[in-house]
file query-v6.pdb (PDB, C-alpha atoms, pLDDT in the B column)
ATOM      1  CA  MET A  16       7.784  19.057   7.385  1.00 77.00           C
ATOM      2  CA  ARG A  17       8.670  15.764   5.707  1.00 89.00           C
ATOM      3  CA  GLU A  18       8.580  15.528   1.931  1.00 96.00           C
ATOM      4  CA  ILE A  19       6.136  12.747   1.016  1.00 98.00           C
ATOM      5  CA  LYS A  20       7.025  10.785  -2.127  1.00 98.00           C
ATOM      6  CA  GLU A  21       5.279   7.456  -1.501  1.00 98.00           C
ATOM      7  CA  ILE A  22       2.071   6.102   0.019  1.00 98.00           C
ATOM      8  CA  HIS A  23       2.440   2.512   1.226  1.00 98.00           C
ATOM      9  CA  ILE A  24      -0.566   0.204   1.524  1.00 98.00           C
ATOM     10  CA  HIS A  25      -0.405  -2.603   4.102  1.00 98.00           C
ATOM     11  CA  CYS A  26      -2.716  -5.192   5.615  1.00 98.00           C
ATOM     12  CA  SER A  27      -2.642  -6.249   9.258  1.00 97.00           C
ATOM     13  CA  ALA A  28      -2.268  -9.916   8.230  1.00 96.00           C
ATOM     14  CA  THR A  29      -5.156 -10.916  10.488  1.00 96.00           C
ATOM     15  CA  ARG A  30      -8.209 -13.118   9.997  1.00 94.00           C
ATOM     16  CA  SER A  31     -10.434 -10.444  11.516  1.00 88.00           C
ATOM     17  CA  ASN A  32     -11.159  -7.007  10.109  1.00 84.00           C
ATOM     18  CA  SER A  33     -12.379  -5.610  13.428  1.00 87.00           C
ATOM     19  CA  ILE A  34      -9.021  -4.880  15.042  1.00 95.00           C
ATOM     20  CA  SER A  35      -8.325  -1.339  16.228  1.00 96.00           C
ATOM     21  CA  ALA A  36      -5.329   0.914  15.764  1.00 97.00           C
ATOM     22  CA  SER A  37      -4.727   0.715  19.516  1.00 97.00           C
ATOM     23  CA  THR A  38      -4.424  -3.091  19.283  1.00 97.00           C
ATOM     24  CA  ILE A  39      -1.912  -2.807  16.428  1.00 97.00           C
ATOM     25  CA  LYS A  40      -0.031  -0.161  18.415  1.00 97.00           C
ATOM     26  CA  ARG A  41       0.200  -2.609  21.318  1.00 97.00           C
ATOM     27  CA  TRP A  42       1.612  -5.274  18.948  1.00 96.00           C
ATOM     28  CA  HIS A  43       4.175  -2.849  17.563  1.00 97.00           C
ATOM     29  CA  THR A  44       5.304  -1.404  20.912  1.00 97.00           C
ATOM     30  CA  SER A  45       5.606  -4.783  22.699  1.00 96.00           C
ATOM     31  CA  GLU A  46       8.090  -7.643  22.427  1.00 96.00           C
ATOM     32  CA  PRO A  47       9.613  -8.573  20.020  1.00 95.00           C
ATOM     33  CA  ARG A  48       9.374  -5.274  18.072  1.00 94.00           C
ATOM     34  CA  ASN A  49       9.509  -2.705  20.873  1.00 96.00           C
ATOM     35  CA  TRP A  50       8.931   0.148  18.441  1.00 96.00           C
ATOM     36  CA  SER A  51       8.258   3.629  19.816  1.00 96.00           C
ATOM     37  CA  ASP A  52       4.764   3.758  18.248  1.00 97.00           C
ATOM     38  CA  ILE A  53       2.423   2.039  15.807  1.00 98.00           C
ATOM     39  CA  GLY A  54       4.174   1.667  12.446  1.00 97.00           C
ATOM     40  CA  TYR A  55       1.317   3.078  10.351  1.00 98.00           C
ATOM     41  CA  HIS A  56      -0.093   6.572  10.026  1.00 98.00           C
ATOM     42  CA  TYR A  57      -3.621   5.345   9.312  1.00 98.00           C
ATOM     43  CA  VAL A  58      -5.519   2.139  10.069  1.00 98.00           C
ATOM     44  CA  ILE A  59      -8.730   1.249   8.238  1.00 98.00           C
ATOM     45  CA  ASN A  60     -11.248  -1.160   9.723  1.00 96.00           C
ATOM     46  CA  SER A  61     -14.838   0.123   9.508  1.00 95.00           C
ATOM     47  CA  ALA A  62     -13.497   3.673   9.917  1.00 97.00           C
ATOM     48  CA  ILE A  63     -10.243   5.549   9.354  1.00 98.00           C
ATOM     49  CA  GLU A  64      -8.237   5.607  12.575  1.00 98.00           C
ATOM     50  CA  PHE A  65      -5.149   7.710  13.163  1.00 98.00           C
ATOM     51  CA  GLY A  66      -1.890   6.021  14.072  1.00 97.00           C
ATOM     52  CA  ARG A  67       1.590   7.522  14.118  1.00 97.00           C
ATOM     53  CA  PRO A  68       1.663  11.278  13.434  1.00 97.00           C
ATOM     54  CA  VAL A  69       2.329  12.013   9.748  1.00 97.00           C
ATOM     55  CA  ASP A  70       5.263  14.273  10.641  1.00 96.00           C
ATOM     56  CA  ARG A  71       7.109  11.127  11.837  1.00 97.00           C
ATOM     57  CA  LYS A  72       8.408   8.575   9.360  1.00 97.00           C
ATOM     58  CA  PRO A  73       6.609   5.225   9.491  1.00 98.00           C
ATOM     59  CA  ALA A  74       7.904   1.757  10.261  1.00 96.00           C
ATOM     60  CA  SER A  75       6.622   0.670   6.856  1.00 96.00           C
ATOM     61  CA  ALA A  76       9.199  -0.791   4.459  1.00 95.00           C
ATOM     62  CA  ARG A  77      12.936  -0.890   5.081  1.00 93.00           C
ATOM     63  CA  GLY A  78      14.727   1.615   2.868  1.00 95.00           C
ATOM     64  CA  HIS A  79      11.475   3.400   1.924  1.00 96.00           C
ATOM     65  CA  ASN A  80      10.374   5.100   5.144  1.00 97.00           C
ATOM     66  CA  ASP A  81      11.951   8.558   4.997  1.00 97.00           C
ATOM     67  CA  HIS A  82       9.448   9.992   2.513  1.00 98.00           C
ATOM     68  CA  ALA A  83       6.446   7.732   3.041  1.00 98.00           C
ATOM     69  CA  ILE A  84       2.995   7.617   4.570  1.00 98.00           C
ATOM     70  CA  ALA A  85       1.786   4.167   5.647  1.00 98.00           C
ATOM     71  CA  ILE A  86      -1.831   2.994   5.538  1.00 98.00           C
ATOM     72  CA  CYS A  87      -2.951  -0.381   6.915  1.00 98.00           C
ATOM     73  CA  TYR A  88      -6.295  -2.012   6.246  1.00 97.00           C
ATOM     74  CA  VAL A  89      -7.313  -4.545   8.879  1.00 97.00           C
ATOM     75  CA  GLY A  90      -7.479  -8.073   7.483  1.00 97.00           C
ATOM     76  CA  GLY A  91      -5.547  -9.784   4.723  1.00 96.00           C
ATOM     77  CA  LEU A  92      -5.939 -13.403   5.823  1.00 97.00           C
ATOM     78  CA  ASN A  93      -8.741 -15.784   4.902  1.00 96.00           C
ATOM     79  CA  PRO A  94     -10.758 -16.304   8.123  1.00 94.00           C
ATOM     80  CA  GLU A  95     -10.938 -20.099   7.622  1.00 95.00           C
ATOM     81  CA  THR A  96      -7.577 -21.014   6.084  1.00 96.00           C
ATOM     82  CA  GLY A  97      -5.351 -18.228   7.409  1.00 95.00           C
ATOM     83  CA  LYS A  98      -3.845 -17.830   3.925  1.00 96.00           C
ATOM     84  CA  ALA A  99      -3.098 -14.441   2.385  1.00 96.00           C
ATOM     85  CA  GLU A 100      -6.197 -13.056   0.660  1.00 97.00           C
ATOM     86  CA  ASP A 101      -7.756  -9.713  -0.194  1.00 97.00           C
ATOM     87  CA  THR A 102     -10.362  -9.532   2.576  1.00 97.00           C
ATOM     88  CA  ARG A 103     -11.209  -5.838   2.262  1.00 97.00           C
ATOM     89  CA  THR A 104     -14.859  -5.099   2.804  1.00 96.00           C
ATOM     90  CA  PRO A 105     -16.684  -2.704   0.460  1.00 97.00           C
ATOM     91  CA  ARG A 106     -16.469  -0.126   3.293  1.00 97.00           C
ATOM     92  CA  GLN A 107     -12.698  -0.575   3.629  1.00 97.00           C
ATOM     93  CA  LYS A 108     -12.270  -0.176  -0.145  1.00 98.00           C
ATOM     94  CA  GLU A 109     -14.353   3.000  -0.025  1.00 98.00           C
ATOM     95  CA  LEU A 110     -12.347   4.398   2.898  1.00 98.00           C
ATOM     96  CA  LEU A 111      -9.021   3.542   1.265  1.00 98.00           C
ATOM     97  CA  ILE A 112     -10.011   5.503  -1.836  1.00 98.00           C
ATOM     98  CA  LYS A 113     -11.287   8.395   0.278  1.00 98.00           C
ATOM     99  CA  LEU A 114      -8.010   8.562   2.220  1.00 98.00           C
ATOM    100  CA  ILE A 115      -5.871   8.184  -0.906  1.00 98.00           C
ATOM    101  CA  LYS A 116      -7.739  11.067  -2.563  1.00 98.00           C
ATOM    102  CA  GLN A 117      -7.179  13.242   0.516  1.00 98.00           C
ATOM    103  CA  LEU A 118      -3.482  12.389   0.650  1.00 98.00           C
ATOM    104  CA  LYS A 119      -3.034  12.881  -3.106  1.00 98.00           C
ATOM    105  CA  ALA A 120      -4.649  16.337  -2.827  1.00 98.00           C
ATOM    106  CA  LYS A 121      -1.958  17.219  -0.294  1.00 97.00           C
ATOM    107  CA  TYR A 122       0.902  15.223  -1.893  1.00 98.00           C
ATOM    108  CA  PRO A 123       0.061  15.078  -5.634  1.00 97.00           C
ATOM    109  CA  LYS A 124       3.451  13.672  -6.690  1.00 97.00           C
ATOM    110  CA  ALA A 125       3.328  10.768  -4.214  1.00 98.00           C
ATOM    111  CA  THR A 126       3.267   7.311  -5.760  1.00 98.00           C
ATOM    112  CA  ILE A 127       1.169   4.480  -4.302  1.00 98.00           C
ATOM    113  CA  HIS A 128       2.629   1.036  -3.630  1.00 98.00           C
ATOM    114  CA  GLY A 129       1.645  -2.121  -1.845  1.00 98.00           C
ATOM    115  CA  HIS A 130       4.128  -3.257   0.792  1.00 97.00           C
ATOM    116  CA  ARG A 131       5.048  -6.244  -1.377  1.00 97.00           C
ATOM    117  CA  ASP A 132       5.854  -3.940  -4.325  1.00 97.00           C
ATOM    118  CA  LEU A 133       8.766  -2.617  -2.263  1.00 97.00           C
ATOM    119  CA  SER A 134      10.440  -6.041  -2.115  1.00 96.00           C
ATOM    120  CA  PRO A 135      13.985  -6.280  -3.505  1.00 95.00           C
ATOM    121  CA  ASP A 136      14.271  -6.920  -7.250  1.00 96.00           C
ATOM    122  CA  LYS A 137      16.289 -10.116  -6.797  1.00 96.00           C
ATOM    123  CA  ASN A 138      16.973 -10.742 -10.486  1.00 97.00           C
ATOM    124  CA  LYS A 139      17.530  -7.029 -11.271  1.00 96.00           C
ATOM    125  CA  ASP A 140      15.107  -7.027 -14.220  1.00 96.00           C
ATOM    126  CA  GLY A 141      13.428  -3.758 -13.207  1.00 95.00           C
ATOM    127  CA  LYS A 142      10.202  -5.251 -11.888  1.00 95.00           C
ATOM    128  CA  ILE A 143       8.988  -7.040  -8.785  1.00 96.00           C
ATOM    129  CA  ASP A 144       7.559 -10.416  -9.749  1.00 95.00           C
ATOM    130  CA  LYS A 145       5.349 -12.506  -7.427  1.00 94.00           C
ATOM    131  CA  TRP A 146       8.227 -14.861  -6.601  1.00 96.00           C
ATOM    132  CA  GLU A 147      10.215 -11.864  -5.300  1.00 96.00           C
ATOM    133  CA  PHE A 148       7.565 -10.756  -2.772  1.00 96.00           C
ATOM    134  CA  MET A 149       9.001 -10.769   0.742  1.00 94.00           C
ATOM    135  CA  LYS A 150       5.403 -10.757   2.013  1.00 93.00           C
ATOM    136  CA  GLN A 151       1.976 -10.944   0.352  1.00 95.00           C
ATOM    137  CA  CYS A 152       0.936  -7.709   2.096  1.00 96.00           C
ATOM    138  CA  PRO A 153      -1.434  -6.050   1.223  1.00 97.00           C
ATOM    139  CA  CYS A 154      -2.820  -9.166  -0.541  1.00 97.00           C
ATOM    140  CA  PHE A 155      -3.964  -7.237  -3.638  1.00 97.00           C
ATOM    141  CA  ASP A 156      -2.245  -5.353  -6.462  1.00 97.00           C
ATOM    142  CA  ALA A 157      -2.254  -1.841  -4.992  1.00 98.00           C
ATOM    143  CA  GLU A 158      -0.287  -0.290  -7.867  1.00 97.00           C
ATOM    144  CA  VAL A 159      -2.830  -1.710 -10.340  1.00 96.00           C
ATOM    145  CA  GLU A 160      -5.918  -0.874  -8.291  1.00 97.00           C
ATOM    146  CA  TYR A 161      -4.836   2.722  -7.685  1.00 98.00           C
ATOM    147  CA  LEU A 162      -3.258   3.361 -11.108  1.00 96.00           C
ATOM    148  CA  GLU A 163      -5.668   6.244 -11.763  1.00 96.00           C
ATOM    149  CA  PHE A 164      -4.290   8.079  -8.703  1.00 97.00           C
ATOM    150  CA  GLN A 165      -0.634   7.760  -9.704  1.00 97.00           C
ATOM    151  CA  PRO A 166       1.221  10.887 -10.844  1.00 97.00           C
ATOM    152  CA  LYS A 167       2.058  11.488 -14.490  1.00 93.00           C
ATOM    153  CA  GLY A 168       5.157   9.544 -15.472  1.00 93.00           C
ATOM    154  CA  PHE A 169       4.595   6.913 -12.755  1.00 95.00           C
ATOM    155  CA  LYS A 170       6.936   3.939 -13.095  1.00 95.00           C
ATOM    156  CA  PRO A 171       5.378   0.886 -11.429  1.00 96.00           C
ATOM    157  CA  LYS A 172       7.592  -1.421  -9.413  1.00 96.00           C
ATOM    158  CA  SER A 173       5.371  -4.505  -9.708  1.00 96.00           C
ATOM    159  CA  ALA A 174       5.331  -6.672 -12.820  1.00 95.00           C
ATOM    160  CA  ALA A 175       1.516  -6.695 -12.713  1.00 94.00           C
ATOM    161  CA  ALA A 176       1.243  -2.891 -12.760  1.00 95.00           C
ATOM    162  CA  GLN A 177       3.905  -2.593 -15.473  1.00 95.00           C
ATOM    163  CA  GLU A 178       1.886  -4.978 -17.648  1.00 94.00           C
ATOM    164  CA  VAL A 179      -1.419  -3.124 -17.074  1.00 93.00           C
ATOM    165  CA  LYS A 180       0.196   0.260 -17.695  1.00 89.00           C
ATOM    166  CA  SER A 181       1.829  -1.018 -20.889  1.00 88.00           C
ATOM    167  CA  LYS A 182      -1.521  -2.354 -22.191  1.00 87.00           C
ATOM    168  CA  LYS A 183      -3.249   0.961 -21.417  1.00 82.00           C
ATOM    169  CA  SER A 184      -0.451   2.843 -23.161  1.00 78.00           C
ATOM    170  CA  LYS A 185      -0.721   0.668 -26.282  1.00 77.00           C
ATOM    171  CA  LYS A 186      -4.508   1.069 -26.289  1.00 73.00           C
ATOM    172  CA  ALA A 187      -4.158   4.868 -26.021  1.00 68.00           C
ATOM    173  CA  ASP A 188      -1.552   4.897 -28.817  1.00 69.00           C
ATOM    174  CA  GLY A 189      -3.936   2.860 -31.014  1.00 67.00           C
ATOM    175  CA  LYS A 190      -6.715   5.388 -30.447  1.00 66.00           C
ATOM    176  CA  LYS A 191      -4.388   8.274 -31.347  1.00 61.00           C
ATOM    177  CA  GLN A 192      -3.337   6.575 -34.594  1.00 61.00           C
ATOM    178  CA  SER A 193      -6.946   5.850 -35.630  1.00 58.00           C
ATOM    179  CA  ASN A 194      -7.966   9.500 -35.176  1.00 54.00           C
TER     180      ASN A 194
END
call {"tool": "encode", "arguments": {"input": "query-v6.pdb", "output": "structure tokens"}}
result
Amino acid sequence: MREIKEIHIHCSATRSNSISASTIKRWHTSEPRNWSDIGYHYVINSAIEFGRPVDRKPASARGHNDHAIAICYVGGLNPETGKAEDTRTPRQKELLIKLIKQLKAKYPKATIHGHRDLSPDKNKDGKIDKWEFMKQCPCFDAEVEYLEFQPKGFKPKSAAAQEVKSKKSKKADGKKQSN
């Protein structure tokens, strides 16, 4: 059994949120990719669909696949403009949290990251800034949104999550000092 250390959140980078896992599998197994299977373990449209078996590493983020589980929500592009945007429906948000809770029950030490949070730290300052994103995927700050599900001692990769975590830490320290 693979040791799971990370949960990666992706978007399908599509204008529609009604695409199935079988459609994404066809994209991934056809030219130009020619992968052996869909890259993700789970796909979320209006339901949670199974993709690649969890015992197989995903095609998720180069250099981060060996110990990861990959989740993809369908959408991520504005339907009119085609620009990157958080297009998750309330149902998709609900299902993402449900799946994350299930995975965290099984892999409590796993950290949660958006695909873009796994971009290279080009200036080597210890955080991934927006200008360093290789992609916008998943089009929202996954590390920030799922901070409550991160393990104790979690070290965010994204600048946004580092800032939020630092503010929460300072707030907690202020409460301790006033008691």
call {"tool": "atom_distance", "arguments": {"input": "query-v6.pdb", "atom1": "CA of Gln151 in chain A", "atom2": "CA of Lys167 in chain A"}}
result
26.9 Å
call {"tool": "closest_residue", "arguments": {"input": "query-v6.pdb", "among": "A:Arg103, A:Lys124, A:Leu114, A:Lys20", "to": "Glu64 in chain A", "atoms": "only C-alpha atoms"}}
result
A:Leu114
call {"tool": "atom_distance", "arguments": {"input": "query-v6.pdb", "atom1": "CA of Glu21 in chain A", "atom2": "CA of Ala125 in chain A"}}
result
4.7 Å
call {"tool": "residues_around", "arguments": {"input": "query-v6.pdb", "residues": "Lys170 in chain A", "least_positions_apart": "2", "cutoff": "9 Å", "atoms": "all atoms listed in the file", "output": "JSON, numbers by chain"}}
result
{"A": [126, 168, 172, 176, 177, 180]}
call {"tool": "residues_around", "arguments": {"input": "query-v6.pdb", "residues": "Ile63 in chain A", "least_positions_apart": "2", "cutoff": "9 Å", "atoms": "all atoms listed in the file", "output": "PyMOL selection string"}}
result
chain A and resi 57-61+65+107+110-111+114
call {"tool": "resolve_selection", "arguments": {"input": "query-v6.pdb", "expression": "the PyMOL selection byres ((chain A and resi 91) around 6)", "output": "number ranges by chain"}}
result
A: 26, 28-29, 90, 92, 99-102, 154
call {"tool": "atom_distance", "arguments": {"input": "query-v6.pdb", "atom1": "CA of Lys150 in chain A", "atom2": "CA of Pro94 in chain A"}}
result
18.1 Å
call {"tool": "closest_residue", "arguments": {"input": "query-v6.pdb", "among": "A:Cys152, A:Val179, A:Ile34, A:Leu133", "to": "Arg77 in chain A", "atoms": "all atoms listed in the file"}}
result
A:Leu133
call {"tool": "residues_near_point", "arguments": {"input": "query-v6.pdb", "point": "(7.1, -14.1, -2.5)", "cutoff": "12 Å", "atoms": "only C-alpha atoms", "output": "NGL selection string"}}
result
:A and (99 or 130-137 or 143-152 or 154)
call {"tool": "decode", "arguments": {"input": "query-v6.pdb", "residues": "range 139-161 of chain A", "atoms": "N, CA and C atoms", "output": "PDB file, in the first residue's frame"}}
result
ATOM      1  N   LYS A 139      13.091  31.148  -4.607  1.00  0.00           N
ATOM      2  CA  LYS A 139      13.631  30.428  -3.434  1.00  0.00           C
ATOM      3  C   LYS A 139      13.401  31.155  -2.116  1.00  0.00           C
ATOM      4  N   ASP A 140      12.217  31.809  -1.978  1.00  0.00           N
ATOM      5  CA  ASP A 140      11.935  32.524  -0.733  1.00  0.00           C
ATOM      6  C   ASP A 140      11.066  31.707   0.227  1.00  0.00           C
ATOM      7  N   GLY A 141      10.811  30.438  -0.108  1.00  0.00           N
ATOM      8  CA  GLY A 141      10.078  29.566   0.798  1.00  0.00           C
ATOM      9  C   GLY A 141       8.570  29.638   0.682  1.00  0.00           C
ATOM     10  N   LYS A 142       8.083  30.315  -0.350  1.00  0.00           N
ATOM     11  CA  LYS A 142       6.635  30.395  -0.555  1.00  0.00           C
ATOM     12  C   LYS A 142       6.350  30.504  -2.053  1.00  0.00           C
ATOM     13  N   ILE A 143       5.172  30.036  -2.424  1.00  0.00           N
ATOM     14  CA  ILE A 143       4.749  30.113  -3.820  1.00  0.00           C
ATOM     15  C   ILE A 143       3.835  31.327  -3.962  1.00  0.00           C
ATOM     16  N   ASP A 144       4.343  32.341  -4.638  1.00  0.00           N
ATOM     17  CA  ASP A 144       3.565  33.550  -4.898  1.00  0.00           C
ATOM     18  C   ASP A 144       2.768  33.372  -6.189  1.00  0.00           C
ATOM     19  N   LYS A 145       1.739  34.213  -6.379  1.00  0.00           N
ATOM     20  CA  LYS A 145       0.883  34.109  -7.570  1.00  0.00           C
ATOM     21  C   LYS A 145       1.687  34.136  -8.863  1.00  0.00           C
ATOM     22  N   TRP A 146       2.722  34.962  -8.930  1.00  0.00           N
ATOM     23  CA  TRP A 146       3.495  35.081 -10.166  1.00  0.00           C
ATOM     24  C   TRP A 146       4.282  33.794 -10.466  1.00  0.00           C
ATOM     25  N   GLU A 147       4.415  32.916  -9.481  1.00  0.00           N
ATOM     26  CA  GLU A 147       5.147  31.665  -9.682  1.00  0.00           C
ATOM     27  C   GLU A 147       4.244  30.509 -10.123  1.00  0.00           C
ATOM     28  N   PHE A 148       2.916  30.712 -10.080  1.00  0.00           N
ATOM     29  CA  PHE A 148       1.998  29.638 -10.468  1.00  0.00           C
ATOM     30  C   PHE A 148       2.276  29.197 -11.902  1.00  0.00           C
ATOM     31  N   MET A 149       2.473  27.893 -12.087  1.00  0.00           N
ATOM     32  CA  MET A 149       2.606  27.348 -13.434  1.00  0.00           C
ATOM     33  C   MET A 149       1.235  27.306 -14.111  1.00  0.00           C
ATOM     34  N   LYS A 150       0.202  27.107 -13.304  1.00  0.00           N
ATOM     35  CA  LYS A 150      -1.186  27.068 -13.759  1.00  0.00           C
ATOM     36  C   LYS A 150      -2.019  27.743 -12.676  1.00  0.00           C
ATOM     37  N   GLN A 151      -3.247  28.105 -12.986  1.00  0.00           N
ATOM     38  CA  GLN A 151      -4.151  28.678 -11.983  1.00  0.00           C
ATOM     39  C   GLN A 151      -4.885  27.576 -11.208  1.00  0.00           C
ATOM     40  N   CYS A 152      -4.852  26.383 -11.712  1.00  0.00           N
ATOM     41  CA  CYS A 152      -5.549  25.223 -11.150  1.00  0.00           C
ATOM     42  C   CYS A 152      -5.240  25.070  -9.653  1.00  0.00           C
ATOM     43  N   PRO A 153      -6.231  24.981  -8.809  1.00  0.00           N
ATOM     44  CA  PRO A 153      -7.657  24.760  -9.035  1.00  0.00           C
ATOM     45  C   PRO A 153      -8.516  26.024  -9.067  1.00  0.00           C
ATOM     46  N   CYS A 154      -7.900  27.180  -9.234  1.00  0.00           N
ATOM     47  CA  CYS A 154      -8.618  28.464  -9.345  1.00  0.00           C
ATOM     48  C   CYS A 154      -9.215  28.942  -8.020  1.00  0.00           C
ATOM     49  N   PHE A 155      -8.712  28.437  -6.909  1.00  0.00           N
ATOM     50  CA  PHE A 155      -9.030  28.953  -5.575  1.00  0.00           C
ATOM     51  C   PHE A 155      -7.886  28.556  -4.654  1.00  0.00           C
ATOM     52  N   ASP A 156      -7.806  29.199  -3.503  1.00  0.00           N
ATOM     53  CA  ASP A 156      -6.714  28.923  -2.556  1.00  0.00           C
ATOM     54  C   ASP A 156      -7.051  27.697  -1.705  1.00  0.00           C
ATOM     55  N   ALA A 157      -6.703  26.528  -2.203  1.00  0.00           N
ATOM     56  CA  ALA A 157      -7.046  25.272  -1.526  1.00  0.00           C
ATOM     57  C   ALA A 157      -6.395  25.181  -0.140  1.00  0.00           C
ATOM     58  N   GLU A 158      -5.144  25.582  -0.027  1.00  0.00           N
ATOM     59  CA  GLU A 158      -4.477  25.502   1.283  1.00  0.00           C
ATOM     60  C   GLU A 158      -5.188  26.383   2.303  1.00  0.00           C
ATOM     61  N   VAL A 159      -5.680  27.539   1.873  1.00  0.00           N
ATOM     62  CA  VAL A 159      -6.402  28.451   2.767  1.00  0.00           C
ATOM     63  C   VAL A 159      -7.776  27.863   3.088  1.00  0.00           C
ATOM     64  N   GLU A 160      -8.503  27.466   2.057  1.00  0.00           N
ATOM     65  CA  GLU A 160      -9.870  26.985   2.260  1.00  0.00           C
ATOM     66  C   GLU A 160      -9.930  25.740   3.138  1.00  0.00           C
ATOM     67  N   TYR A 161      -8.926  24.887   3.051  1.00  0.00           N
ATOM     68  CA  TYR A 161      -8.943  23.637   3.809  1.00  0.00           C
ATOM     69  C   TYR A 161      -7.942  23.644   4.964  1.00  0.00           C
TER      70      TYR A 161
END
